[in-house]
Amino acid sequence: MTVILLAAGLSTRMGCSKLLLPFHGKPLVVSTLEAAIAAADRVIVVTGHDRINIENAIRKYNAEIVFAPDYLKGQKYSTLRGVREVKDDDFAIIPGDLPLILPEDFKGTEKLLQTHTIARASFNSIPGHPVMYRNEHRDKLLSYPGTMKEYLKENDIGFYEGSKGTILDADTKETYQRILMKG
């Protein structure tokens, strides 16, 4: 399994580079990255906005770093930059701002790829991350004209009931504060 960790966004709702906010004495993105590394054979981190600081924060970890030059066009372009790096492996997509996600959330979701070509973690029936794809979706995603959400709606998805960390992302100051209280 290859995990594509998205770390390219502008953090506009947060008002600052959310992935670098402190969480247990380290940048928030590092907690998400550590869970991905614990669960996957390969992790690709896609950077864009605040690239240098994010890359410096994760450089010592066993992850490949790729830059998405068109990150300003939106998350789909950063996602596809990571998908292009996947070769013959099943893959997962996850935003970098889920510091409470657990390695078990990845592993439980991955088991569903035995019976579904796409699997997604959820919590209390709320769709979350990771979203995992069998490799047969790689080329389809790269040529798909719509959004990632539209692609998911057109396919059968297996849902894994994971931890609350699968849905608790740090998009705003309020959600960041909730994460700090739970973490």
# chains A, B, ... in the order shown; residues from 1 in each chain; ligands from 1
call {"tool": "select_by_dssp", "arguments": {"residues": "stretch 76-110 of chain A", "states": "helix (DSSP H, G or I)", "output": "count of residues only"}}
result
18
call {"tool": "select_by_dssp", "arguments": {"residues": "stretch 31-83 of chain A", "states": "strand (DSSP E or B)", "output": "list in words"}}
result
Arg42, Val43, Ile44, Val45, Val46, Thr47, Gly48, Asp50, Glu64, Ile65, Val66 and Phe67 of chain A
call {"tool": "closest_residue", "arguments": {"among": "A:Asp171, A:Ser163, A:Ser31, A:Ser125", "to": "A:Gly9", "atoms": "only C-alpha atoms"}}
result
A:Asp171
call {"tool": "closest_residue", "arguments": {"among": "A:Leu10, A:Leu102, A:Ala40, A:Leu152", "to": "A:Asp89", "atoms": "only C-alpha atoms"}}
result
A:Ala40
call {"tool": "closest_residue", "arguments": {"among": "A:Leu141, A:Ile167, A:Ile37, A:Met148", "to": "A:Ala121", "atoms": "only C-alpha atoms"}}
result
A:Ile167
